[in-house]
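Listing of coords_27.txt, compact mmCIF, C-alpha atoms
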# COMPACT_ATOMS: atom_id res chain seq x y z
CA MET J 1 4.04 -1.41 -24.73
CA SER J 2 6.39 -3.28 -27.01
CA ALA J 3 7.12 -6.91 -26.32
CA LEU J 4 10.83 -6.15 -25.99
CA ALA J 5 10.26 -3.41 -23.42
CA ARG J 6 7.91 -5.64 -21.43
CA LEU J 7 10.40 -8.52 -21.49
CA ALA J 8 13.24 -6.21 -20.38
CA ARG J 9 11.18 -4.84 -17.48
CA HIS J 10 10.33 -8.34 -16.23
CA LEU J 11 13.92 -9.53 -16.57
CA TRP J 12 15.19 -6.44 -14.74
CA LEU J 13 12.90 -6.58 -11.69
CA ASP J 14 13.42 -9.12 -8.93
CA ALA J 15 12.33 -9.82 -5.35
CA GLY J 16 14.67 -7.09 -4.08
CA ASP J 17 12.72 -4.56 -6.12
CA ALA J 18 9.49 -5.85 -4.60
CA ARG J 19 10.94 -5.51 -1.09
CA ARG J 20 11.99 -1.93 -1.87
CA ALA J 21 8.58 -1.06 -3.36
CA VAL J 22 6.86 -2.30 -0.20
CA GLY J 23 9.46 -1.69 2.49
CA PRO J 24 9.80 -3.47 5.83
CA ASP J 25 7.75 -0.89 7.73
CA ALA J 26 4.94 -1.12 5.17
CA LEU J 27 5.05 -4.92 5.33
CA GLN J 28 4.67 -4.73 9.11
CA ARG J 29 1.71 -2.36 8.83
CA LEU J 30 0.06 -4.54 6.17
CA GLU J 31 0.59 -7.64 8.31
CA SER J 32 -1.13 -5.89 11.23
CA ARG J 33 -3.96 -4.79 8.95
CA VAL J 34 -4.55 -8.37 7.81
CA ARG J 35 -4.45 -9.62 11.42
CA ASP J 36 -6.93 -6.94 12.54
CA SER J 37 -9.18 -7.72 9.60
CA GLU J 38 -9.25 -11.44 10.33
CA ARG J 39 -10.57 -10.76 13.83
CA GLN J 40 -13.77 -9.46 12.22
CA HIS J 41 -14.64 -12.48 10.04
CA THR J 42 -13.81 -16.16 9.56
CA GLY J 43 -12.05 -15.64 6.22
CA GLU J 44 -8.33 -15.71 5.58
CA ILE J 45 -6.48 -13.06 3.57
CA CYS J 46 -3.13 -13.63 1.91
CA LEU J 47 -1.13 -10.83 0.28
CA CYS J 48 1.45 -11.55 -2.40
CA VAL J 49 3.66 -8.93 -4.04
CA GLU J 50 5.59 -10.21 -7.03
CA ALA J 51 8.13 -8.08 -8.90
CA SER J 52 7.96 -9.81 -12.27
CA LEU J 53 6.38 -12.71 -14.06
CA PRO J 54 8.33 -15.91 -14.67
CA LEU J 55 9.49 -16.33 -18.27
CA THR J 56 7.00 -19.14 -18.88
CA TYR J 57 4.17 -16.67 -18.29
CA LEU J 58 5.77 -13.97 -20.43
CA TRP J 59 6.15 -16.51 -23.20
CA ARG J 60 2.36 -17.06 -23.18
CA HIS J 61 1.91 -13.33 -23.63
CA LEU J 62 4.44 -13.21 -26.46
CA LYS J 63 2.51 -16.04 -28.13
CA GLY J 64 -0.64 -13.89 -28.10
CA ALA J 65 -2.33 -14.18 -24.69
CA PRO J 66 -3.45 -10.79 -23.32
CA ILE J 67 -1.23 -9.64 -20.45
CA ALA J 68 -4.29 -9.27 -18.19
CA ALA J 69 -5.10 -12.95 -18.70
CA VAL J 70 -1.48 -13.94 -18.06
CA VAL J 71 -1.35 -11.96 -14.80
CA ARG J 72 -4.67 -13.52 -13.73
CA GLU J 73 -3.33 -16.99 -14.51
CA ARG J 74 -0.24 -16.29 -12.40
CA ALA J 75 -2.44 -15.12 -9.51
CA VAL J 76 -4.49 -18.32 -9.71
CA THR J 77 -1.30 -20.40 -9.72
CA LEU J 78 0.00 -18.61 -6.62
CA PHE J 79 -3.42 -19.04 -4.98
CA GLY J 80 -2.68 -22.77 -5.11
CA LYS J 81 1.04 -22.62 -4.33
CA LEU J 82 0.45 -20.44 -1.27
CA ARG J 83 -2.32 -22.85 -0.19
CA VAL J 84 -4.97 -20.15 0.02
CA TRP J 85 -7.42 -22.76 -1.28
CA ASP J 86 -6.69 -24.95 1.74
CA THR J 87 -8.63 -23.07 4.44
CA GLU J 88 -11.10 -25.05 6.52
CA LEU J 89 -14.17 -23.05 5.41
CA ASN J 90 -12.97 -22.52 1.81
CA ASN J 91 -13.02 -18.77 2.40
CA GLY J 92 -9.48 -17.71 1.67
CA VAL J 93 -8.72 -14.72 -0.54
CA LEU J 94 -5.46 -13.89 -2.31
CA ILE J 95 -4.65 -10.26 -3.08
CA TYR J 96 -1.90 -10.38 -5.71
CA LEU J 97 0.12 -7.35 -6.78
CA GLN J 98 2.16 -7.68 -9.97
CA LEU J 99 4.67 -4.82 -9.87
CA ALA J 100 6.07 -4.97 -13.40
CA GLU J 101 2.57 -4.74 -14.85
CA HIS J 102 1.12 -2.40 -12.18
CA ARG J 103 -1.80 -4.81 -11.84
CA ILE J 104 -3.70 -6.32 -8.96
CA GLU J 105 -5.75 -9.50 -8.94
CA ILE J 106 -8.04 -10.89 -6.28
CA VAL J 107 -8.61 -14.65 -6.24
CA ALA J 108 -11.23 -16.06 -3.90
CA ASP J 109 -11.91 -19.61 -2.77
CA ARG J 110 -15.19 -21.43 -3.52
CA ALA J 111 -17.25 -20.29 -0.56
CA VAL J 112 -16.32 -16.64 -1.07
CA ALA J 113 -16.92 -16.87 -4.81
CA ARG J 114 -20.50 -17.93 -4.05
CA THR J 115 -21.12 -14.79 -1.99
CA VAL J 116 -19.19 -12.14 -3.94
CA SER J 117 -19.80 -11.67 -7.65
CA ASP J 118 -17.07 -11.28 -10.26
CA ALA J 119 -18.44 -7.77 -10.92
CA ASP J 120 -17.91 -6.89 -7.23
CA TRP J 121 -14.30 -8.11 -7.36
CA GLN J 122 -13.70 -6.12 -10.55
CA ARG J 123 -15.13 -2.99 -8.88
CA MET J 124 -12.78 -3.48 -5.93
CA ILE J 125 -9.83 -3.83 -8.28
CA ALA J 126 -10.85 -0.76 -10.27
CA ASP J 127 -11.15 1.25 -7.04
CA VAL J 128 -7.61 0.47 -5.90
CA MET J 129 -5.84 0.35 -9.29
CA PRO J 130 -5.02 4.11 -9.33
CA GLU J 131 -2.97 3.68 -6.14
CA PHE J 132 -0.77 1.03 -7.77
CA GLN J 133 -0.43 2.92 -11.02
CA ALA J 134 0.79 5.92 -9.00
CA GLY J 135 3.31 3.77 -7.12
CA ARG J 136 1.44 3.96 -3.80
CA HIS J 137 1.67 0.24 -3.13
CA GLU J 138 1.02 0.25 0.59
CA GLU J 139 -2.02 2.49 0.21
CA GLY J 140 -3.39 0.34 -2.59
CA LEU J 141 -2.87 -2.89 -0.68
CA GLY J 142 -4.43 -1.34 2.42
CA ARG J 143 -7.50 -0.31 0.46
CA ALA J 144 -7.67 -3.78 -1.10
CA ILE J 145 -7.51 -5.38 2.36
CA ASP J 146 -10.31 -3.10 3.54
CA ALA J 147 -12.50 -3.96 0.53
CA VAL J 148 -11.92 -7.71 0.88
CA SER J 149 -12.53 -7.43 4.64
CA ALA J 150 -15.89 -5.77 4.05
CA ALA J 151 -16.91 -8.60 1.71
CA LEU J 152 -15.74 -11.23 4.20
CA ARG J 153 -17.51 -9.54 7.14
CA SER J 154 -20.72 -9.59 5.13
CA GLY J 155 -20.50 -13.22 4.04
CA PHE J 156 -18.45 -14.74 6.84
CA PRO J 157 -18.89 -12.73 10.05
CA ALA J 158 -16.89 -13.69 13.09
CA PRO J 159 -18.93 -15.80 15.50
CA ASP J 160 -20.26 -13.92 18.49
CA THR J 161 -18.54 -15.83 21.27
CA GLY J 162 -19.06 -13.16 23.89
CA ASP J 163 -15.32 -13.24 24.52
CA GLU J 164 -13.63 -10.39 22.68
CA GLY J 165 -10.25 -11.94 23.40
CA ALA J 166 -11.11 -15.31 21.88
CA ALA J 167 -8.76 -16.12 19.05
CA ARG J 168 -9.37 -18.48 16.19
CA ALA J 169 -6.72 -20.52 14.44
CA ASN J 170 -4.82 -18.54 11.84
CA GLN J 171 -4.62 -20.75 8.77
CA LEU J 172 -2.50 -18.53 6.52
CA PRO J 173 0.42 -16.25 7.36
CA ASN J 174 -0.60 -12.63 7.84
CA ARG J 175 2.80 -11.42 6.65
CA PRO J 176 2.74 -10.47 2.94
CA VAL J 177 4.64 -12.82 0.65
CA VAL J 178 7.24 -10.92 -1.40
CA ARG J 179 8.63 -12.59 -4.49
Represent the structure of the file as structure tokens.
Amino acid sequence: MSALARLARHLWLDAGDARRAVGPDALQRLESRVRDSERQHTGEICLCVEASLPLTYLWRHLKGAPIAAVVRERAVTLFGKLRVWDTELNNGVLIYLQLAEHRIEIVADRAVARTVSDADWQRMIADVMPEFQAGRHEEGLGRAIDAVSAALRSGFPAPDTGDEGAARANQLPNRPVVR
């Protein structure tokens, strides 16, 4: 894609486009899916859907950085800004959807990174990427939640308290962040 076309697409899209791509009903279903997932493990999942990259990130691409690296850098920045790194057990995971680039990134905190390899994350991303490229954002995010949940259940299972109704503190909002 030409630099001019990419720049125009990022300047054109805004948070309203992200809200339309993942409508209110889908956001509600995704929020419920995250909540249900977090009952099965001690990890925390945060979803972020961003319509376009800020100009400072696009500038890095125009100066020669590969767009994949720029999108990854943005995901890592949002991992910090959304305080996903600040969970008690260092087992937060950000699922980041970049709409203008039709890309998804998964950023995991330290404890999760020790239990799930980079190759496993890349496989998860590759498995859900066709959904995003086809514009099926809710389906893709749902599959990403399921894949991350499976990894968190394996490495960070919910404690067996004997009380199915016992709730643990929710450290991150379950509602997807739309930017």
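With distances restricted to all atoms listed in the file, J:Ser52 is the closest residue to J:Trp12 from J:Asp36, J:Asn174, J:Trp121, J:Ser52.
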Find the distance between atom CA of J:Asn170 and atom CA of J:Arg72 and write it in Å to one decimal. 26.1 Å
Residues within 6 Å of stretch 101-107 of chain J, all atoms listed in the file, excluding chain neighbours under 6 positions, as a PyMOL selection string: chain J and resi 93-95+132-133
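Across J:Asp109, J:Ala144, J:Ser154, J:Ser117, the tightest approach to J:Pro130 is made by J:Ala144 when counting only C-alpha atoms.
For the residues J:Ile145, J:Ala119, J:Ala68, J:Ala75, ranking by smallest atom-to-atom distance to J:Leu97 using all atoms listed in the file places J:Ala75 first.
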